[in-house]
$ cat upload-v7.pdb   # PDB, C-alpha atoms and all ligand atoms
ATOM      1  CA  MET A  54      36.120 -41.051 -44.372
ATOM      2  CA  GLY A  55      34.660 -42.960 -47.298
ATOM      3  CA  ASN A  56      32.094 -41.843 -49.798
ATOM      4  CA  ASN A  57      29.254 -41.148 -47.343
ATOM      5  CA  PHE A  58      29.239 -37.560 -48.546
ATOM      6  CA  GLU A  59      25.554 -37.004 -48.098
ATOM      7  CA  ALA A  60      25.512 -38.056 -44.449
ATOM      8  CA  VAL A  61      28.547 -35.871 -43.704
ATOM      9  CA  ARG A  62      26.950 -32.901 -45.480
ATOM     10  CA  LYS A  63      23.758 -33.342 -43.481
ATOM     11  CA  GLN A  64      25.629 -33.281 -40.184
ATOM     12  CA  ALA A  65      27.840 -30.370 -41.203
ATOM     13  CA  ALA A  66      24.832 -28.408 -42.458
ATOM     14  CA  GLU A  67      23.422 -28.316 -38.948
ATOM     15  CA  LYS A  68      26.710 -27.050 -37.542
ATOM     16  CA  ILE A  69      27.101 -24.386 -40.204
ATOM     17  CA  GLY A  70      23.436 -23.493 -40.027
ATOM     18  CA  LEU A  71      22.445 -24.275 -43.618
ATOM     19  CA  PRO A  72      19.723 -26.456 -45.097
ATOM     20  CA  ALA A  73      21.440 -29.724 -46.097
ATOM     21  CA  GLU A  74      20.483 -29.367 -49.755
ATOM     22  CA  LYS A  75      22.408 -26.094 -49.948
ATOM     23  CA  MET A  76      25.687 -27.688 -48.913
ATOM     24  CA  PRO A  77      28.166 -27.623 -51.815
ATOM     25  CA  ARG A  78      29.245 -30.834 -53.550
ATOM     26  CA  HIS A  79      31.916 -29.085 -55.578
ATOM     27  CA  ILE A  80      33.853 -25.927 -54.717
ATOM     28  CA  GLY A  81      36.174 -24.171 -57.148
ATOM     29  CA  ILE A  82      38.838 -21.794 -55.872
ATOM     30  CA  ILE A  83      40.772 -19.107 -57.736
ATOM     31  CA  MET A  84      43.777 -18.917 -55.420
ATOM     32  CA  ASP A  85      44.839 -15.384 -56.235
ATOM     33  CA  GLY A  86      47.057 -12.897 -54.388
ATOM     34  CA  ASN A  87      50.273 -14.784 -53.705
ATOM     35  CA  GLY A  88      52.325 -12.041 -55.331
ATOM     36  CA  ARG A  89      50.594  -9.287 -53.346
ATOM     37  CA  TRP A  90      51.088 -11.246 -50.126
ATOM     38  CA  ALA A  91      54.836 -11.306 -50.769
ATOM     39  CA  LYS A  92      54.919  -7.665 -51.834
ATOM     40  CA  GLN A  93      53.262  -6.593 -48.578
ATOM     41  CA  ARG A  94      56.232  -8.156 -46.815
ATOM     42  CA  ASP A  95      58.903  -6.865 -49.205
ATOM     43  CA  LEU A  96      59.642 -10.431 -50.229
ATOM     44  CA  PRO A  97      60.142 -11.844 -53.711
ATOM     45  CA  ARG A  98      56.945 -13.260 -55.298
ATOM     46  CA  PHE A  99      57.959 -16.874 -54.872
ATOM     47  CA  HIS A 100      57.577 -16.592 -51.089
ATOM     48  CA  GLY A 101      53.891 -15.946 -51.706
ATOM     49  CA  HIS A 102      53.555 -19.022 -53.905
ATOM     50  CA  ARG A 103      55.293 -21.146 -51.286
ATOM     51  CA  GLU A 104      52.985 -19.885 -48.526
ATOM     52  CA  GLY A 105      49.987 -20.348 -50.778
ATOM     53  CA  ALA A 106      50.789 -24.001 -51.403
ATOM     54  CA  LYS A 107      50.830 -24.618 -47.655
ATOM     55  CA  LYS A 108      47.192 -23.548 -47.453
ATOM     56  CA  ILE A 109      45.925 -26.360 -49.645
ATOM     57  CA  GLU A 110      45.938 -28.968 -46.885
ATOM     58  CA  THR A 111      43.885 -26.767 -44.545
ATOM     59  CA  ILE A 112      41.306 -26.151 -47.231
ATOM     60  CA  CYS A 113      41.051 -29.832 -48.220
ATOM     61  CA  ASP A 114      40.591 -30.832 -44.579
ATOM     62  CA  ALA A 115      37.811 -28.264 -44.245
ATOM     63  CA  ALA A 116      36.162 -29.521 -47.447
ATOM     64  CA  GLN A 117      36.280 -33.129 -46.228
ATOM     65  CA  GLU A 118      34.786 -32.101 -42.932
ATOM     66  CA  ILE A 119      31.665 -30.749 -44.633
ATOM     67  CA  GLY A 120      31.171 -33.609 -47.095
ATOM     68  CA  CYS A 121      32.275 -31.753 -50.202
ATOM     69  CA  GLU A 122      33.063 -34.210 -53.014
ATOM     70  CA  CYS A 123      35.477 -32.162 -55.065
ATOM     71  CA  VAL A 124      37.658 -29.106 -54.554
ATOM     72  CA  THR A 125      39.067 -27.662 -57.753
ATOM     73  CA  LEU A 126      42.026 -25.333 -57.379
ATOM     74  CA  TYR A 127      43.192 -22.941 -60.049
ATOM     75  CA  CYS A 128      46.967 -23.378 -59.856
ATOM     76  CA  PHE A 129      48.293 -22.317 -63.258
ATOM     77  CA  SER A 130      46.386 -21.020 -66.241
ATOM     78  CA  VAL A 131      47.299 -21.329 -69.900
ATOM     79  CA  GLN A 132      47.697 -17.534 -69.757
ATOM     80  CA  ASN A 133      50.182 -17.747 -66.856
ATOM     81  CA  TRP A 134      52.883 -18.833 -69.363
ATOM     82  CA  ARG A 135      53.132 -15.083 -70.092
ATOM     83  CA  ARG A 136      54.879 -14.561 -66.739
ATOM     84  CA  PRO A 137      58.654 -14.162 -66.417
ATOM     85  CA  GLU A 138      60.581 -17.376 -67.005
ATOM     86  CA  MET A 139      62.022 -17.323 -63.502
ATOM     87  CA  GLU A 140      58.572 -17.317 -61.898
ATOM     88  CA  ILE A 141      57.300 -20.059 -64.207
ATOM     89  CA  ASP A 142      60.333 -22.230 -63.426
ATOM     90  CA  TYR A 143      59.779 -21.739 -59.726
ATOM     91  CA  LEU A 144      56.086 -22.636 -59.999
ATOM     92  CA  MET A 145      56.768 -25.818 -61.998
ATOM     93  CA  GLN A 146      59.292 -26.916 -59.362
ATOM     94  CA  LEU A 147      56.851 -26.039 -56.580
ATOM     95  CA  PHE A 148      54.004 -28.051 -58.144
ATOM     96  CA  THR A 149      56.354 -30.998 -58.635
ATOM     97  CA  ARG A 150      57.586 -30.927 -55.043
ATOM     98  CA  TYR A 151      54.007 -30.564 -53.850
ATOM     99  CA  LEU A 152      52.884 -33.620 -55.844
ATOM    100  CA  VAL A 153      55.604 -35.715 -54.236
ATOM    101  CA  ALA A 154      55.149 -34.360 -50.707
ATOM    102  CA  VAL A 155      51.385 -34.733 -50.605
ATOM    103  CA  ARG A 156      51.124 -38.261 -52.032
ATOM    104  CA  GLY A 157      51.175 -40.224 -48.772
ATOM    105  CA  ASP A 158      48.806 -37.820 -47.086
ATOM    106  CA  LEU A 159      46.244 -38.044 -49.903
ATOM    107  CA  VAL A 160      46.331 -41.845 -49.787
ATOM    108  CA  GLU A 161      45.977 -41.821 -46.008
ATOM    109  CA  LYS A 162      42.951 -39.540 -46.243
ATOM    110  CA  ASN A 163      41.356 -41.692 -48.969
ATOM    111  CA  MET A 164      41.526 -38.726 -51.352
ATOM    112  CA  LYS A 165      41.833 -38.783 -55.106
ATOM    113  CA  LEU A 166      43.882 -36.450 -57.256
ATOM    114  CA  ALA A 167      42.582 -35.210 -60.592
ATOM    115  CA  HIS A 168      44.303 -33.088 -63.209
ATOM    116  CA  PHE A 169      42.224 -30.598 -65.154
ATOM    117  CA  GLY A 170      44.081 -28.963 -68.026
ATOM    118  CA  ARG A 171      46.373 -29.690 -70.944
ATOM    119  CA  ARG A 172      49.309 -32.027 -70.414
ATOM    120  CA  ASP A 173      50.966 -30.639 -73.501
ATOM    121  CA  GLY A 174      53.288 -27.829 -72.423
ATOM    122  CA  LEU A 175      53.903 -29.020 -68.869
ATOM    123  CA  PRO A 176      57.509 -30.144 -68.216
ATOM    124  CA  ASP A 177      58.251 -33.886 -68.135
ATOM    125  CA  PHE A 178      59.536 -33.824 -64.561
ATOM    126  CA  LEU A 179      56.178 -32.453 -63.399
ATOM    127  CA  LEU A 180      54.137 -34.865 -65.523
ATOM    128  CA  GLU A 181      56.065 -37.780 -64.057
ATOM    129  CA  GLU A 182      55.177 -36.864 -60.477
ATOM    130  CA  LEU A 183      51.658 -35.909 -61.479
ATOM    131  CA  ASP A 184      51.168 -39.377 -62.953
ATOM    132  CA  ASN A 185      52.694 -41.022 -59.876
ATOM    133  CA  THR A 186      50.248 -39.215 -57.588
ATOM    134  CA  LEU A 187      47.292 -39.833 -59.902
ATOM    135  CA  GLU A 188      48.173 -43.529 -59.900
ATOM    136  CA  ALA A 189      48.697 -43.719 -56.116
ATOM    137  CA  THR A 190      45.332 -42.097 -55.388
ATOM    138  CA  LYS A 191      43.226 -43.553 -58.193
ATOM    139  CA  SER A 192      41.134 -45.758 -55.891
ATOM    140  CA  GLY A 193      40.471 -42.984 -53.360
ATOM    141  CA  THR A 194      36.754 -42.653 -52.683
ATOM    142  CA  GLY A 195      36.841 -39.557 -50.486
ATOM    143  CA  LEU A 196      37.383 -35.955 -51.533
ATOM    144  CA  THR A 197      38.785 -35.335 -55.005
ATOM    145  CA  LEU A 198      41.438 -32.654 -55.199
ATOM    146  CA  GLY A 199      41.298 -31.270 -58.719
ATOM    147  CA  LEU A 200      44.359 -29.315 -59.765
ATOM    148  CA  CYS A 201      43.968 -26.958 -62.703
ATOM    149  CA  LEU A 202      47.465 -26.968 -64.162
ATOM    150  CA  ASN A 203      47.928 -25.492 -67.620
ATOM    151  CA  TYR A 204      44.178 -24.923 -67.552
ATOM    152  CA  GLY A 205      42.012 -22.535 -69.516
ATOM    153  CA  GLY A 206      38.220 -22.522 -69.660
ATOM    154  CA  ARG A 207      38.063 -21.570 -73.335
ATOM    155  CA  GLU A 208      40.773 -24.098 -74.142
ATOM    156  CA  GLU A 209      38.730 -26.746 -72.309
ATOM    157  CA  ILE A 210      35.608 -26.008 -74.349
ATOM    158  CA  LEU A 211      37.707 -25.958 -77.506
ATOM    159  CA  ASP A 212      39.240 -29.360 -76.681
ATOM    160  CA  SER A 213      35.782 -30.762 -76.015
ATOM    161  CA  VAL A 214      34.424 -29.420 -79.298
ATOM    162  CA  LYS A 215      37.402 -30.888 -81.176
ATOM    163  CA  LYS A 216      36.611 -34.335 -79.785
ATOM    164  CA  LEU A 217      33.045 -34.012 -81.056
ATOM    165  CA  GLY A 218      34.429 -32.768 -84.376
ATOM    166  CA  GLU A 219      36.436 -35.968 -84.708
ATOM    167  CA  LYS A 220      33.253 -37.988 -84.260
ATOM    168  CA  ILE A 221      31.559 -35.946 -86.952
ATOM    169  CA  ALA A 222      34.522 -36.461 -89.283
ATOM    170  CA  SER A 223      34.380 -40.223 -88.727
ATOM    171  CA  GLY A 224      30.646 -40.267 -89.411
ATOM    172  CA  SER A 225      29.546 -41.437 -85.955
ATOM    173  CA  LEU A 226      27.875 -38.123 -85.087
ATOM    174  CA  THR A 227      25.982 -35.432 -86.993
ATOM    175  CA  PRO A 228      26.031 -31.718 -86.018
ATOM    176  CA  GLU A 229      22.274 -31.884 -85.275
ATOM    177  CA  GLU A 230      22.849 -34.614 -82.714
ATOM    178  CA  ILE A 231      25.225 -32.514 -80.559
ATOM    179  CA  THR A 232      23.749 -31.814 -77.140
ATOM    180  CA  GLU A 233      24.832 -29.765 -74.130
ATOM    181  CA  GLN A 234      25.355 -33.000 -72.291
ATOM    182  CA  MET A 235      27.882 -34.175 -74.907
ATOM    183  CA  ILE A 236      29.984 -31.083 -74.262
ATOM    184  CA  SER A 237      29.706 -31.666 -70.495
ATOM    185  CA  GLU A 238      30.832 -35.259 -71.038
ATOM    186  CA  ASN A 239      33.903 -34.157 -72.948
ATOM    187  CA  ILE A 240      35.252 -31.436 -70.676
ATOM    188  CA  TYR A 241      38.051 -32.166 -68.196
ATOM    189  CA  THR A 242      35.724 -32.270 -65.156
ATOM    190  CA  SER A 243      33.164 -34.592 -66.756
ATOM    191  CA  GLU A 244      33.160 -36.976 -63.781
ATOM    192  CA  TYR A 245      32.164 -34.281 -61.313
ATOM    193  CA  PRO A 246      29.072 -32.152 -60.695
ATOM    194  CA  ASP A 247      29.239 -28.488 -61.710
ATOM    195  CA  PRO A 248      30.671 -26.289 -58.943
ATOM    196  CA  ASP A 249      28.060 -24.911 -56.550
ATOM    197  CA  LEU A 250      30.425 -22.286 -55.227
ATOM    198  CA  ILE A 251      33.422 -20.465 -56.672
ATOM    199  CA  ILE A 252      35.684 -18.626 -54.274
ATOM    200  CA  ARG A 253      38.117 -15.969 -55.477
ATOM    201  CA  THR A 254      40.637 -14.472 -53.093
ATOM    202  CA  SER A 255      42.282 -11.038 -53.452
ATOM    203  CA  SER A 256      39.298  -8.967 -54.546
ATOM    204  CA  GLU A 257      39.326  -9.241 -58.330
ATOM    205  CA  MET A 258      35.788  -9.466 -59.726
ATOM    206  CA  ARG A 259      36.634 -11.573 -62.741
ATOM    207  CA  ILE A 260      36.623 -15.188 -63.793
ATOM    208  CA  SER A 261      40.081 -15.259 -65.491
ATOM    209  CA  ASN A 262      39.151 -18.193 -67.742
ATOM    210  CA  PHE A 263      38.239 -20.540 -64.856
ATOM    211  CA  LEU A 264      35.601 -23.292 -65.298
ATOM    212  CA  LEU A 265      33.683 -21.286 -67.913
ATOM    213  CA  TRP A 266      31.348 -24.067 -69.022
ATOM    214  CA  GLN A 267      30.744 -25.524 -65.561
ATOM    215  CA  SER A 268      30.105 -22.245 -63.735
ATOM    216  CA  SER A 269      27.016 -21.084 -65.623
ATOM    217  CA  TYR A 270      24.985 -21.293 -62.403
ATOM    218  CA  SER A 271      27.692 -21.269 -59.729
ATOM    219  CA  GLU A 272      27.487 -18.811 -56.866
ATOM    220  CA  TYR A 273      30.488 -16.530 -56.305
ATOM    221  CA  TYR A 274      32.262 -15.532 -53.131
ATOM    222  CA  VAL A 275      34.933 -12.882 -53.631
ATOM    223  CA  THR A 276      37.061 -11.826 -50.681
ATOM    224  CA  LYS A 277      39.775  -9.255 -50.049
ATOM    225  CA  THR A 278      41.796 -11.896 -48.195
ATOM    226  CA  LEU A 279      44.968 -12.843 -50.067
ATOM    227  CA  TRP A 280      45.259 -16.582 -50.751
ATOM    228  CA  PRO A 281      48.091 -17.295 -48.260
ATOM    229  CA  ASP A 282      45.943 -15.681 -45.529
ATOM    230  CA  PHE A 283      42.782 -17.645 -46.361
ATOM    231  CA  THR A 284      41.548 -19.780 -43.441
ATOM    232  CA  ARG A 285      39.208 -22.698 -42.803
ATOM    233  CA  GLU A 286      36.932 -20.274 -40.930
ATOM    234  CA  GLU A 287      36.588 -18.105 -44.013
ATOM    235  CA  MET A 288      35.971 -21.180 -46.147
ATOM    236  CA  PHE A 289      33.017 -22.044 -43.871
ATOM    237  CA  GLU A 290      31.948 -18.399 -44.023
ATOM    238  CA  ALA A 291      31.874 -18.637 -47.823
ATOM    239  CA  VAL A 292      29.832 -21.836 -47.661
ATOM    240  CA  LYS A 293      27.450 -20.217 -45.221
ATOM    241  CA  THR A 294      26.617 -17.472 -47.715
ATOM    242  CA  LEU A 295      24.972 -20.148 -49.885
ATOM    243  CA  GLY A 296      22.178 -20.152 -47.300
ATOM    244  CA  GLU A 297      21.241 -16.567 -48.135
ATOM    245  CA  ARG A 298      21.086 -17.198 -51.841
ATOM    246  CA  GLU A 299      18.227 -18.411 -53.899
ATOM    247  CA  ARG A 300      19.527 -20.407 -56.846
ATOM    248  CA  ARG A 301      16.691 -19.781 -59.242
ATOM    249  CA  MET A 302      18.451 -21.153 -62.331
ATOM    250  CA  GLY A 303      16.390 -18.871 -64.550
ATOM    251  CA  ASP A 304      13.067 -19.713 -62.898
ATOM    252  CA  ILE A 305      11.103 -17.193 -60.793
ATOM    253  CA  LYS A 306      10.934 -17.155 -57.014
ATOM    254  CA  ALA A 307       9.164 -20.257 -55.671
TER
HETATM  255  C1  LIG B 401      48.024 -16.601 -57.891
HETATM  256  O1  LIG B 401      48.714 -15.560 -57.314
HETATM  257  C2  LIG B 401      48.919 -17.775 -58.210
HETATM  258  C3  LIG B 401      49.167 -17.996 -59.637
HETATM  259  C4  LIG B 401      48.606 -17.366 -60.624
HETATM  260  C5  LIG B 401      50.139 -19.008 -59.962
HETATM  261  P1  LIG B 401      49.359 -14.396 -58.202
HETATM  262  O2  LIG B 401      50.766 -14.755 -58.516
HETATM  263  O3  LIG B 401      48.510 -14.116 -59.371
HETATM  264  O4  LIG B 401      49.321 -13.198 -57.165
HETATM  265  P2  LIG B 401      49.038 -11.664 -57.496
HETATM  266  O5  LIG B 401      47.752 -11.594 -58.235
HETATM  267  O6  LIG B 401      50.198 -11.182 -58.312
HETATM  268  O7  LIG B 401      48.971 -11.013 -56.145
HETATM  269  C1  LIG B 402      44.130 -16.590 -61.977
HETATM  270  O1  LIG B 402      44.954 -15.643 -61.420
HETATM  271  C2  LIG B 402      44.923 -17.837 -62.233
HETATM  272  C3  LIG B 402      45.318 -18.588 -61.044
HETATM  273  C4  LIG B 402      44.956 -18.319 -59.819
HETATM  274  C5  LIG B 402      46.163 -19.712 -61.308
HETATM  275  P1  LIG B 402      45.740 -14.572 -62.305
HETATM  276  O2  LIG B 402      46.450 -13.708 -61.356
HETATM  277  O3  LIG B 402      46.551 -15.267 -63.338
HETATM  278  O4  LIG B 402      44.551 -13.833 -63.046
HETATM  279  P2  LIG B 402      44.475 -12.355 -63.587
HETATM  280  O5  LIG B 402      45.725 -12.112 -64.369
HETATM  281  O6  LIG B 402      44.352 -11.473 -62.380
HETATM  282  O7  LIG B 402      43.234 -12.326 -64.418
HETATM  283 MG    MG B 403      46.972 -12.786 -59.704
END

$ encode --input "upload-v7.pdb" --output "structure tokens"
Amino acid sequence: MGNNFEAVRKQAAEKIGLPAEKMPRHIGIIMDGNGRWAKQRDLPRFHGHREGAKKIETICDAAQEIGCECVTLYCFSVQNWRRPEMEIDYLMQLFTRYLVAVRGDLVEKNMKLAHFGRRDGLPDFLLEELDNTLEATKSGTGLTLGLCLNYGGREEILDSVKKLGEKIASGSLTPEEITEQMISENIYTSEYPDPDLIIRTSSEMRISNFLLWQSSYSEYYVTKTLWPDFTREEMFEAVKTLGERERRMGDIKA
């Protein structure tokens, strides 16, 4: 599949039963509940993370099928460094192995990898494989898989504001000239449209510092399903709920 997103969305919309213009171009997912999944089975937490990682392919395939342009996955937040060292070590190894294992498949599917988050703080062995996969997929024109690794929404806005601050310091920008668009152009996801839909698994009704700037008008789908149990059917179910919603964006009902 190439970049004929619109045509694919139109076809998929009929199947799902949605007006084509309500089909999402960008879906963000807070993949929560790996620990609880493991606990339910009396297994150590890392089993949940391992199972969770296996779900990514299913979800990307489903996203491609409906002409979605970008899927952004919350993998590791800046706040997740507070977890026990053993869990962090396991996660960094898991992400690294994932980045190696998935490379060929992403290229084959014409997908592109993107990293959203701070590089600073991530271990070198992970950054090396991240860069290798970014490089291998850089000319992909199909679905973008955005991985939020060492990501924080406030940190992202802060980093964006600092870049504008540098321009002010050098005299190429005045505070009065700052626009919303300039902030949007300096956040990590600047190349992509704002997410239409944000899915959170495992019940929690909170945003946990995910895509704060971009989600000002995103629709939410929160499910009890734990991330390792999430299916393509439920992903389509979540998309389908967009049909029932009226995205007024502050306006009144048409
Ligand atoms: C989400 O699952 C994955 C990461 C934050 C890395 P959790 O590990 O937060 O799972 P729960 O919330 O403890 O069930
Ligand atoms: C959000 O989950 C972060 C990721 C899914 C990577 P958390 O489990 O870290 O969030 P809280 O602690 O429930 O807010
Ligand atoms: Mg959690």

$ resolve_selection --input "upload-v7.pdb" --expression "the PyMOL selection byres (((chain A and resi 162) around 10) and not hetatm)" --output "MDAnalysis selection string"
chainID A and resid 54:55 114 117 157:161 163:165 190 193:196

$ residues_near_ligand --input "upload-v7.pdb" --ligand "ligand LIG 402 (chain B)" --cutoff "6 Å" --atoms "only C-alpha atoms and all ligand atoms" --output "ChimeraX atom specification"
/A:83-85,127-130,133,261

$ resolve_selection --input "upload-v7.pdb" --expression "the PyMOL selection byres (((chain A and resi 216-218) around 12) and not hetatm)" --output "PyMOL selection string"
chain A and resi 209-215+219-241

$ closest_residue --input "upload-v7.pdb" --among "A:Leu295, A:Ala116, A:Leu198, A:Ala91" --to "ligand MG 403 (chain B)" --atoms "only C-alpha atoms and all ligand atoms"
A:Ala91

$ closest_atom_pairs --input "upload-v7.pdb" --of "chain A" --to "ligand MG 403 (chain B)" --cutoff "9 Å" --atoms "only C-alpha atoms and all ligand atoms" --output "Markdown table"
| residue | atom | partner | partner_atom | distance |
| --- | --- | --- | --- | --- |
| A:Met84 | CA | B:MG403 | MG | 8.1 |
| A:Asp85 | CA | B:MG403 | MG | 4.8 |
| A:Gly86 | CA | B:MG403 | MG | 5.3 |
| A:Asn87 | CA | B:MG403 | MG | 7.1 |
| A:Gly88 | CA | B:MG403 | MG | 7.0 |
| A:Arg89 | CA | B:MG403 | MG | 8.1 |
| A:Ser255 | CA | B:MG403 | MG | 8.0 |
| A:Glu257 | CA | B:MG403 | MG | 8.5 |

$ residues_around --input "upload-v7.pdb" --residues "Arg253 of chain A" --least-positions-apart "2" --cutoff "9 Å" --atoms "all atoms listed in the file" --output "VMD selection string"
chain A and resid 81 to 85 251 255 to 260 273 to 277 280

$ residues_around --input "upload-v7.pdb" --residues "Lys92 of chain A" --least-positions-apart "5" --cutoff "12 Å" --atoms "all atoms listed in the file" --output "number ranges by chain"
A: 86-87, 97-102, 279

$ write_last_selection --input "upload-v7.pdb" --atoms "C-alpha atoms" --output "CSV table (one decimal), in the coordinates of the input"
chain,number,residue,atom,x,y,z
A,86,GLY,CA,47.1,-12.9,-54.4
A,87,ASN,CA,50.3,-14.8,-53.7
A,97,PRO,CA,60.1,-11.8,-53.7
A,98,ARG,CA,56.9,-13.3,-55.3
A,99,PHE,CA,58.0,-16.9,-54.9
A,100,HIS,CA,57.6,-16.6,-51.1
A,101,GLY,CA,53.9,-15.9,-51.7
A,102,HIS,CA,53.6,-19.0,-53.9
A,279,LEU,CA,45.0,-12.8,-50.1

$ atom_distance --input "upload-v7.pdb" --atom1 "atom CA of Val61 of chain A" --atom2 "atom CA of Leu166 of chain A"
20.5 Å

$ atom_distance --input "upload-v7.pdb" --atom1 "atom CA of Met288 of chain A" --atom2 "atom CA of Ile112 of chain A"
7.4 Å

$ closest_residue --input "upload-v7.pdb" --among "A:Leu152, A:Ile69, A:Met302, A:Leu147" --to "Ile119 of chain A" --atoms "all atoms listed in the file"
A:Ile69

$ axis_aligned_box --input "upload-v7.pdb" --around "ligand LIG 401 (chain B)" --padding-each-side "6 Å" --output "AutoDock Vina command-line options"
--center_x 49.3 --center_y -15.0 --center_z -58.4 --size_x 15.0 --size_y 20.0 --size_z 16.5

$ atom_distance --input "upload-v7.pdb" --atom1 "atom O6 of ligand LIG 401 (chain B)" --atom2 "atom CA of Thr294 of chain A"
26.6 Å

$ resolve_selection --input "upload-v7.pdb" --expression "the PyMOL selection byres (((chain A and resi 134-136) around 12) and not hetatm)" --output "PyMOL selection string"
chain A and resi 88+98+129-133+137-145+174-175+202-205

$ closest_residue --input "upload-v7.pdb" --among "A:Trp90, A:Trp266, A:Phe58, A:Phe178" --to "Pro281 of chain A" --atoms "all atoms listed in the file"
A:Trp90

$ closest_residue --input "upload-v7.pdb" --among "A:Glu104, A:Asp304, A:Glu122, A:Glu244" --to "ligand LIG 401 (chain B)" --atoms "all atoms listed in the file"
A:Glu104

$ closest_residue --input "upload-v7.pdb" --among "A:Ala73, A:Cys201, A:Val124, A:Leu183" --to "Phe263 of chain A" --atoms "all atoms listed in the file"
A:Cys201
